[in-house]
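Undergrad: Encoded as structure tokens, here's the structure I'll be asking about.
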Amino acid sequence: MITSKSLDDFWAWLKSDSSEQFTLENAKSGKTIAFAHIQANDKFKYLLLVQEPNSIECGKGKEFIRCVGIYCRQDNRLYVMPCDVRHFIMDCDENVSGIIDESGYSAHGMQAQIAQTVVDLIAGDRTRFGIDQAKPAAKKFNQNNIVRDAANLFLKNEGILTAIPLPRPDDDVNIEGLTMQDWFSYMADKQTYLNQKAMEYISSHKESLHSQFQYMDLVWEVYQKIASDPTNQWNIIKQIMSVVEKSQAKTVNVYIQKNDLNGSKVSKAFKVQAQAFHLSDNYGAHPPLFDLHQYISNPLEYREFTDLFGCGMTDLCSADEIVRITYGKKALYERRQTI
């Protein structure tokens with residue numbers, strides 16, 4: 001058995017035809033891991049982790065061996081699977097990251113890369129795959145879902161998008177049952193492998209992909225309408241949330257103009273936690289209402305608010321009902337004057 005703290009020794013052993021085990025010692029922590037390697041084919045080797053016979057993981061008196069990586073002779077890179085082993089090796093030398101590749105080395109990672117390749121191939125030339133950009137029939141899709149997705153796209157992106165977002169068919173790309181040959185092909189020529197798998201997926205899912213791209217065309221159409229109209233409710237909501245977030249205030253003064261429970265117009269100011277204007281994970285097809293009363297910390301103001309506007313749907317404030325938001329003496333937001 002070879003024992004060393006040097007990664008240079010580790011790499012030399014990995015490249016060699018040695019049948020000896022190699023124990024790598026981390027000079028910082030003093031921990032050790034024993035490795036072995038066996039030939040997979042003329043291009044690849046399996047890197048095996050060998051646990052000590054009396055280790056807790058494998059049980060007393062039993063030796064435990066598992067594959068923890070694949071070494072590629074072609075590019076002199078080690079493709080490491082378990083993160084604990086990867087971190088152990090990389091912790092031995094901060095410069096080792098250039099020869100360890102973990103990208104896509106999981107079913108989930110591979111799926112994401114194939115899905116992205118599918119989208120990139122189609123986006124580069126939609127007509128090649130029979131996915132035209134002719135305006136689809138809106139009735140084919142749920143209009144509320146289209147507005148919802150367009151609004152969320154608008155609210156969750158800084159500034160205005162200039163290019164149509166593309167669908168990501170991650171959930172549909174099913175690559176269960178990957179064989180070692182798949183991994184070998186991926187590591188030997190990553191882009192060729194991804195293109196091959198993406199083309200296979202496209203040929204068998206052309207109809208659903210056509211539908212996904214057409215749906216995003218409709219979402220993009222609604223998005224552009226929202227983004228181009230500064231008086232649109234979604235635009236006002238985005239402005240309010242943006243200025244409050246950028247102020248980094250914990251509480252703000254919110255001046256509202258709203259009908260009370262008797263139908264009378266009331267103008268009042270309340271101190272509200274800034275969290276009331278934080279971006280939600282998801283919005284529906286209609287502009288959201290702000291639930292201010294939950295974020296009023298002062299008990300007297302909270303009581304006054306609920307006495308005036310109730311508690312439930314009646315107390316929710318639309319963007320139109322918010323007149324002004326201030327932080328200290330600084331005005332963060334002023335409602336546009338309407339004629």
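Note on naming: chains are A, B, ... as they come in the structure tokens, residues start from 1 per chain, ligands start from 1 in the order shown.
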Fewer than 2 positions away in the same chain doesn't count, so skip those; otherwise give me all residues within 12 Å of Val244 of chain A, counting only C-alpha atoms, as an mmCIF file with C-alpha atoms, in the first residue's frame.

TA:
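Written output follows (around.cif):
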```cif
data_model
loop_
_atom_site.group_PDB
_atom_site.id
_atom_site.type_symbol
_atom_site.label_atom_id
_atom_site.label_comp_id
_atom_site.auth_asym_id
_atom_site.auth_seq_id
_atom_site.Cartn_x
_atom_site.Cartn_y
_atom_site.Cartn_z
ATOM 1 C CA ILE A 237 -46.776 46.996 -8.286
ATOM 2 C CA LYS A 238 -43.277 46.311 -9.591
ATOM 3 C CA GLN A 239 -42.329 49.949 -9.022
ATOM 4 C CA ILE A 240 -43.608 49.884 -5.431
ATOM 5 C CA MET A 241 -41.830 46.635 -4.582
ATOM 6 C CA SER A 242 -38.617 47.782 -6.246
ATOM 7 C CA LYS A 246 -33.834 49.227 -2.713
ATOM 8 C CA SER A 247 -34.422 51.543 0.268
ATOM 9 C CA GLN A 248 -33.425 48.667 2.611
ATOM 10 C CA ALA A 249 -35.953 50.059 5.070
ATOM 11 C CA LYS A 250 -37.395 47.804 7.771
ATOM 12 C CA THR A 251 -40.545 49.895 8.122
ATOM 13 C CA VAL A 252 -42.121 52.496 5.843
ATOM 14 C CA ASN A 253 -44.976 54.983 6.118
ATOM 15 C CA VAL A 254 -47.792 54.069 3.767
ATOM 16 C CA VAL A 272 -45.945 49.179 7.908
ATOM 17 C CA GLN A 273 -43.139 46.623 7.853
ATOM 18 C CA ALA A 274 -41.359 46.729 4.486
ATOM 19 C CA GLN A 275 -41.883 42.972 4.209
ATOM 20 C CA ALA A 276 -45.460 43.722 3.132
ATOM 21 C CA PHE A 277 -44.050 44.676 -0.273
ATOM 22 C CA HIS A 278 -41.625 41.802 -0.748
ATOM 23 C CA LEU A 279 -41.864 39.740 -3.899
ATOM 24 C CA ARG A 324 -47.506 57.550 -1.156
ATOM 25 C CA ILE A 325 -44.756 55.583 0.570
ATOM 26 C CA THR A 326 -42.075 57.363 2.586
ATOM 27 C CA TYR A 327 -39.015 56.313 4.546
ATOM 28 C CA LYS A 330 -37.708 60.618 1.818
ATOM 29 C CA ALA A 331 -40.562 59.872 -0.572
ATOM 30 C CA LEU A 332 -40.048 56.436 -2.097
ATOM 31 C CA TYR A 333 -43.222 56.321 -4.160
#
```

Undergrad: Determine, counting only C-alpha atoms, which protein, DNA and RNA residues have an atom within 10 Å of an atom of segment 143-148 of chain A; residues of the same chain fewer than 2 positions away are not included. Present the result as JSON, numbers by chain.

TA: {"A": [138, 139, 140, 141, 150, 151, 152, 153, 154, 215, 216, 217, 218, 219, 220, 221, 222, 223, 226, 282, 283, 284, 285, 286, 287]}

Undergrad: Residues of the last selection are to be written out with N, CA and C atoms, as a PDB file, in the first residue's frame.

TA:
```pdb
ATOM      1  N   ALA A 138     -55.049  31.313 -29.270  1.00  0.00           N
ATOM      2  CA  ALA A 138     -54.985  31.532 -27.827  1.00  0.00           C
ATOM      3  C   ALA A 138     -55.928  30.598 -27.072  1.00  0.00           C
ATOM      4  N   LYS A 139     -57.028  30.228 -27.721  1.00  0.00           N
ATOM      5  CA  LYS A 139     -58.015  29.382 -27.031  1.00  0.00           C
ATOM      6  C   LYS A 139     -57.464  27.988 -26.747  1.00  0.00           C
ATOM      7  N   LYS A 140     -56.338  27.662 -27.376  1.00  0.00           N
ATOM      8  CA  LYS A 140     -55.708  26.365 -27.141  1.00  0.00           C
ATOM      9  C   LYS A 140     -55.152  26.283 -25.729  1.00  0.00           C
ATOM     10  N   PHE A 141     -54.872  27.456 -25.140  1.00  0.00           N
ATOM     11  CA  PHE A 141     -54.265  27.506 -23.818  1.00  0.00           C
ATOM     12  C   PHE A 141     -55.153  28.274 -22.839  1.00  0.00           C
ATOM     13  N   ALA A 150     -46.833  35.536 -17.582  1.00  0.00           N
ATOM     14  CA  ALA A 150     -46.273  36.793 -18.099  1.00  0.00           C
ATOM     15  C   ALA A 150     -46.028  37.779 -16.960  1.00  0.00           C
ATOM     16  N   ALA A 151     -46.979  37.853 -16.021  1.00  0.00           N
ATOM     17  CA  ALA A 151     -46.842  38.773 -14.884  1.00  0.00           C
ATOM     18  C   ALA A 151     -45.689  38.371 -13.978  1.00  0.00           C
ATOM     19  N   ASN A 152     -45.559  37.069 -13.711  1.00  0.00           N
ATOM     20  CA  ASN A 152     -44.451  36.603 -12.870  1.00  0.00           C
ATOM     21  C   ASN A 152     -43.111  36.842 -13.544  1.00  0.00           C
ATOM     22  N   LEU A 153     -43.078  36.670 -14.854  1.00  0.00           N
ATOM     23  CA  LEU A 153     -41.861  36.933 -15.620  1.00  0.00           C
ATOM     24  C   LEU A 153     -41.491  38.411 -15.513  1.00  0.00           C
ATOM     25  N   PHE A 154     -42.489  39.271 -15.570  1.00  0.00           N
ATOM     26  CA  PHE A 154     -42.262  40.712 -15.491  1.00  0.00           C
ATOM     27  C   PHE A 154     -41.787  41.127 -14.099  1.00  0.00           C
ATOM     28  N   TYR A 215     -46.751  28.293 -26.514  1.00  0.00           N
ATOM     29  CA  TYR A 215     -47.255  28.863 -25.260  1.00  0.00           C
ATOM     30  C   TYR A 215     -46.375  30.037 -24.832  1.00  0.00           C
ATOM     31  N   MET A 216     -45.050  29.863 -24.918  1.00  0.00           N
ATOM     32  CA  MET A 216     -44.151  30.948 -24.532  1.00  0.00           C
ATOM     33  C   MET A 216     -44.265  32.140 -25.482  1.00  0.00           C
ATOM     34  N   ASP A 217     -44.627  31.901 -26.748  1.00  0.00           N
ATOM     35  CA  ASP A 217     -44.879  33.010 -27.672  1.00  0.00           C
ATOM     36  C   ASP A 217     -46.034  33.873 -27.156  1.00  0.00           C
ATOM     37  N   LEU A 218     -47.089  33.213 -26.662  1.00  0.00           N
ATOM     38  CA  LEU A 218     -48.245  33.948 -26.130  1.00  0.00           C
ATOM     39  C   LEU A 218     -47.892  34.672 -24.833  1.00  0.00           C
ATOM     40  N   VAL A 219     -47.117  34.001 -23.979  1.00  0.00           N
ATOM     41  CA  VAL A 219     -46.668  34.641 -22.733  1.00  0.00           C
ATOM     42  C   VAL A 219     -45.854  35.893 -23.064  1.00  0.00           C
ATOM     43  N   TRP A 220     -44.994  35.780 -24.053  1.00  0.00           N
ATOM     44  CA  TRP A 220     -44.154  36.912 -24.450  1.00  0.00           C
ATOM     45  C   TRP A 220     -45.001  38.079 -24.971  1.00  0.00           C
ATOM     46  N   GLU A 221     -46.056  37.766 -25.691  1.00  0.00           N
ATOM     47  CA  GLU A 221     -46.955  38.796 -26.222  1.00  0.00           C
ATOM     48  C   GLU A 221     -47.596  39.580 -25.081  1.00  0.00           C
ATOM     49  N   VAL A 222     -48.080  38.872 -24.061  1.00  0.00           N
ATOM     50  CA  VAL A 222     -48.706  39.535 -22.905  1.00  0.00           C
ATOM     51  C   VAL A 222     -47.647  40.293 -22.100  1.00  0.00           C
ATOM     52  N   TYR A 223     -46.475  39.688 -21.953  1.00  0.00           N
ATOM     53  CA  TYR A 223     -45.381  40.358 -21.226  1.00  0.00           C
ATOM     54  C   TYR A 223     -45.069  41.716 -21.838  1.00  0.00           C
ATOM     55  N   ILE A 226     -47.641  44.310 -20.917  1.00  0.00           N
ATOM     56  CA  ILE A 226     -47.481  44.752 -19.530  1.00  0.00           C
ATOM     57  C   ILE A 226     -46.303  45.712 -19.412  1.00  0.00           C
ATOM     58  N   ASN A 282     -45.114  33.453  -6.073  1.00  0.00           N
ATOM     59  CA  ASN A 282     -45.959  33.262  -7.249  1.00  0.00           C
ATOM     60  C   ASN A 282     -47.189  34.155  -7.168  1.00  0.00           C
ATOM     61  N   TYR A 283     -47.568  34.708  -8.314  1.00  0.00           N
ATOM     62  CA  TYR A 283     -48.770  35.526  -8.383  1.00  0.00           C
ATOM     63  C   TYR A 283     -49.761  34.878  -9.337  1.00  0.00           C
ATOM     64  N   GLY A 284     -51.012  35.222  -9.163  1.00  0.00           N
ATOM     65  CA  GLY A 284     -52.047  34.675 -10.026  1.00  0.00           C
ATOM     66  C   GLY A 284     -52.218  35.511 -11.273  1.00  0.00           C
ATOM     67  N   ALA A 285     -53.373  35.342 -11.922  1.00  0.00           N
ATOM     68  CA  ALA A 285     -53.614  36.025 -13.188  1.00  0.00           C
ATOM     69  C   ALA A 285     -54.075  37.463 -13.002  1.00  0.00           C
ATOM     70  N   HIS A 286     -54.314  37.870 -11.759  1.00  0.00           N
ATOM     71  CA  HIS A 286     -54.798  39.222 -11.496  1.00  0.00           C
ATOM     72  C   HIS A 286     -53.801  39.956 -10.601  1.00  0.00           C
ATOM     73  N   PRO A 287     -53.687  41.280 -10.786  1.00  0.00           N
ATOM     74  CA  PRO A 287     -52.743  42.043  -9.958  1.00  0.00           C
ATOM     75  C   PRO A 287     -52.993  41.789  -8.474  1.00  0.00           C
TER      76      PRO A 287
END
```

Undergrad: Just checking: using only C-alpha atoms, which residue out of A:Asp42, A:Asp291, A:Asp120, A:Asp91 ends up closest to Glu25 of chain A?

TA: A:Asp91

Undergrad: Using DSSP on the backbone coordinates, identify the residues of segment 173-297 of chain A assigned to helix (DSSP H, G or I); present them as a ChimeraX atom specification.

TA: /A:180-188,190-204,206-228,233-247,274-277,293-295

Undergrad: Could you save the residues just selected, with C-alpha atoms, as a CSV table (one decimal), in the first residue's frame?

TA:
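Result file follows (result_14.csv):
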```
chain,number,residue,atom,x,y,z
A,180,MET,CA,-21.8,3.4,-17.5
A,181,GLN,CA,-21.5,3.6,-21.3
A,182,ASP,CA,-23.7,6.8,-21.1
A,183,TRP,CA,-21.2,8.3,-18.7
A,184,PHE,CA,-18.2,7.2,-20.8
A,185,SER,CA,-19.7,8.8,-23.9
A,186,TYR,CA,-20.5,12.0,-22.0
A,187,MET,CA,-17.0,12.3,-20.6
A,188,ALA,CA,-15.3,11.4,-23.9
A,190,LYS,CA,-19.6,16.0,-23.8
A,191,GLN,CA,-21.2,18.2,-26.5
A,192,THR,CA,-21.6,15.4,-29.0
A,193,TYR,CA,-23.3,13.2,-26.4
A,194,LEU,CA,-25.7,16.0,-25.3
A,195,ASN,CA,-26.6,16.9,-28.9
A,196,GLN,CA,-27.3,13.2,-29.7
A,197,LYS,CA,-29.6,12.8,-26.6
A,198,ALA,CA,-31.3,16.2,-27.3
A,199,MET,CA,-32.0,15.2,-30.9
A,200,GLU,CA,-33.4,11.9,-29.7
A,201,TYR,CA,-35.7,13.8,-27.3
A,202,ILE,CA,-36.8,16.3,-30.0
A,203,SER,CA,-37.7,13.6,-32.5
A,204,SER,CA,-39.9,11.8,-30.0
A,206,LYS,CA,-42.0,17.3,-31.3
A,207,GLU,CA,-45.6,17.9,-30.7
A,208,SER,CA,-45.2,18.7,-27.0
A,209,LEU,CA,-42.2,21.0,-27.7
A,210,HIS,CA,-44.2,22.7,-30.4
A,211,SER,CA,-46.9,23.4,-27.8
A,212,GLN,CA,-44.4,24.6,-25.2
A,213,PHE,CA,-42.8,27.1,-27.6
A,214,GLN,CA,-46.1,28.4,-28.9
A,215,TYR,CA,-47.3,28.9,-25.3
A,216,MET,CA,-44.2,30.9,-24.5
A,217,ASP,CA,-44.9,33.0,-27.7
A,218,LEU,CA,-48.2,33.9,-26.1
A,219,VAL,CA,-46.7,34.6,-22.7
A,220,TRP,CA,-44.2,36.9,-24.4
A,221,GLU,CA,-47.0,38.8,-26.2
A,222,VAL,CA,-48.7,39.5,-22.9
A,223,TYR,CA,-45.4,40.4,-21.2
A,224,GLN,CA,-44.6,43.0,-23.8
A,225,LYS,CA,-48.1,44.6,-23.3
A,226,ILE,CA,-47.5,44.8,-19.5
A,227,ALA,CA,-43.9,46.1,-19.8
A,228,SER,CA,-44.9,48.8,-22.4
A,233,GLN,CA,-51.3,47.6,-12.4
A,234,TRP,CA,-48.4,45.2,-12.7
A,235,ASN,CA,-46.0,48.0,-13.6
A,236,ILE,CA,-47.1,50.0,-10.6
A,237,ILE,CA,-46.8,47.0,-8.3
A,238,LYS,CA,-43.3,46.3,-9.6
A,239,GLN,CA,-42.3,49.9,-9.0
A,240,ILE,CA,-43.6,49.9,-5.4
A,241,MET,CA,-41.8,46.6,-4.6
A,242,SER,CA,-38.6,47.8,-6.2
A,243,VAL,CA,-38.3,51.1,-4.5
A,244,VAL,CA,-39.1,49.6,-1.1
A,245,GLU,CA,-36.6,46.9,-1.5
A,246,LYS,CA,-33.8,49.2,-2.7
A,247,SER,CA,-34.4,51.5,0.3
A,274,ALA,CA,-41.4,46.7,4.5
A,275,GLN,CA,-41.9,43.0,4.2
A,276,ALA,CA,-45.5,43.7,3.1
A,277,PHE,CA,-44.1,44.7,-0.3
A,293,HIS,CA,-52.7,45.1,8.2
A,294,GLN,CA,-50.7,42.0,9.0
A,295,TYR,CA,-47.5,44.1,8.9
```

Undergrad: Grab the atom CA of Phe22 of chain A to atom CA of Ser6 of chain A distance for me, in Å with one decimal place.

TA: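 According to the coordinates, atom CA of Phe22 of chain A and atom CA of Ser6 of chain A are separated by 11.1 Å.
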
Undergrad: In Å, rounded to a single decimal, give me how far atom CA of Leu300 of chain A is from atom CA of Lys265 of chain A.

TA: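 One can read the atom CA of Lys265 of chain A to atom CA of Leu300 of chain A distance as 20.7 Å.
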
Undergrad: State, in Å with one decimal place, the distance from atom CA of Ile164 of chain A to atom CA of Ala123 of chain A.

TA: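 Taking atom CA of Ile164 of chain A as the start and atom CA of Ala123 of chain A as the end point, the length is 10.1 Å.
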
Undergrad: Give the strand (DSSP E or B) residues of segment 253-329 of chain A, as assigned by DSSP on the backbone, as a PyMOL selection string.

TA: chain A and resi 253-259+265-273+290+317+322-327

Undergrad: Counting only C-alpha atoms, figure out which residue out of A:Pro299, A:Gln111, A:Ile131, A:Asp260 gets nearest to Cys311 of chain A.

TA: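 For Cys311 of chain A, the nearest of the candidates is A:Asp260.
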
Undergrad: Counting only C-alpha atoms, which of A:Thr179, A:Arg335, A:Asn26, A:Ile322 gets nearest to Ala107 of chain A?

TA: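 The answer is A:Thr179, which sits nearest to Ala107 of chain A.
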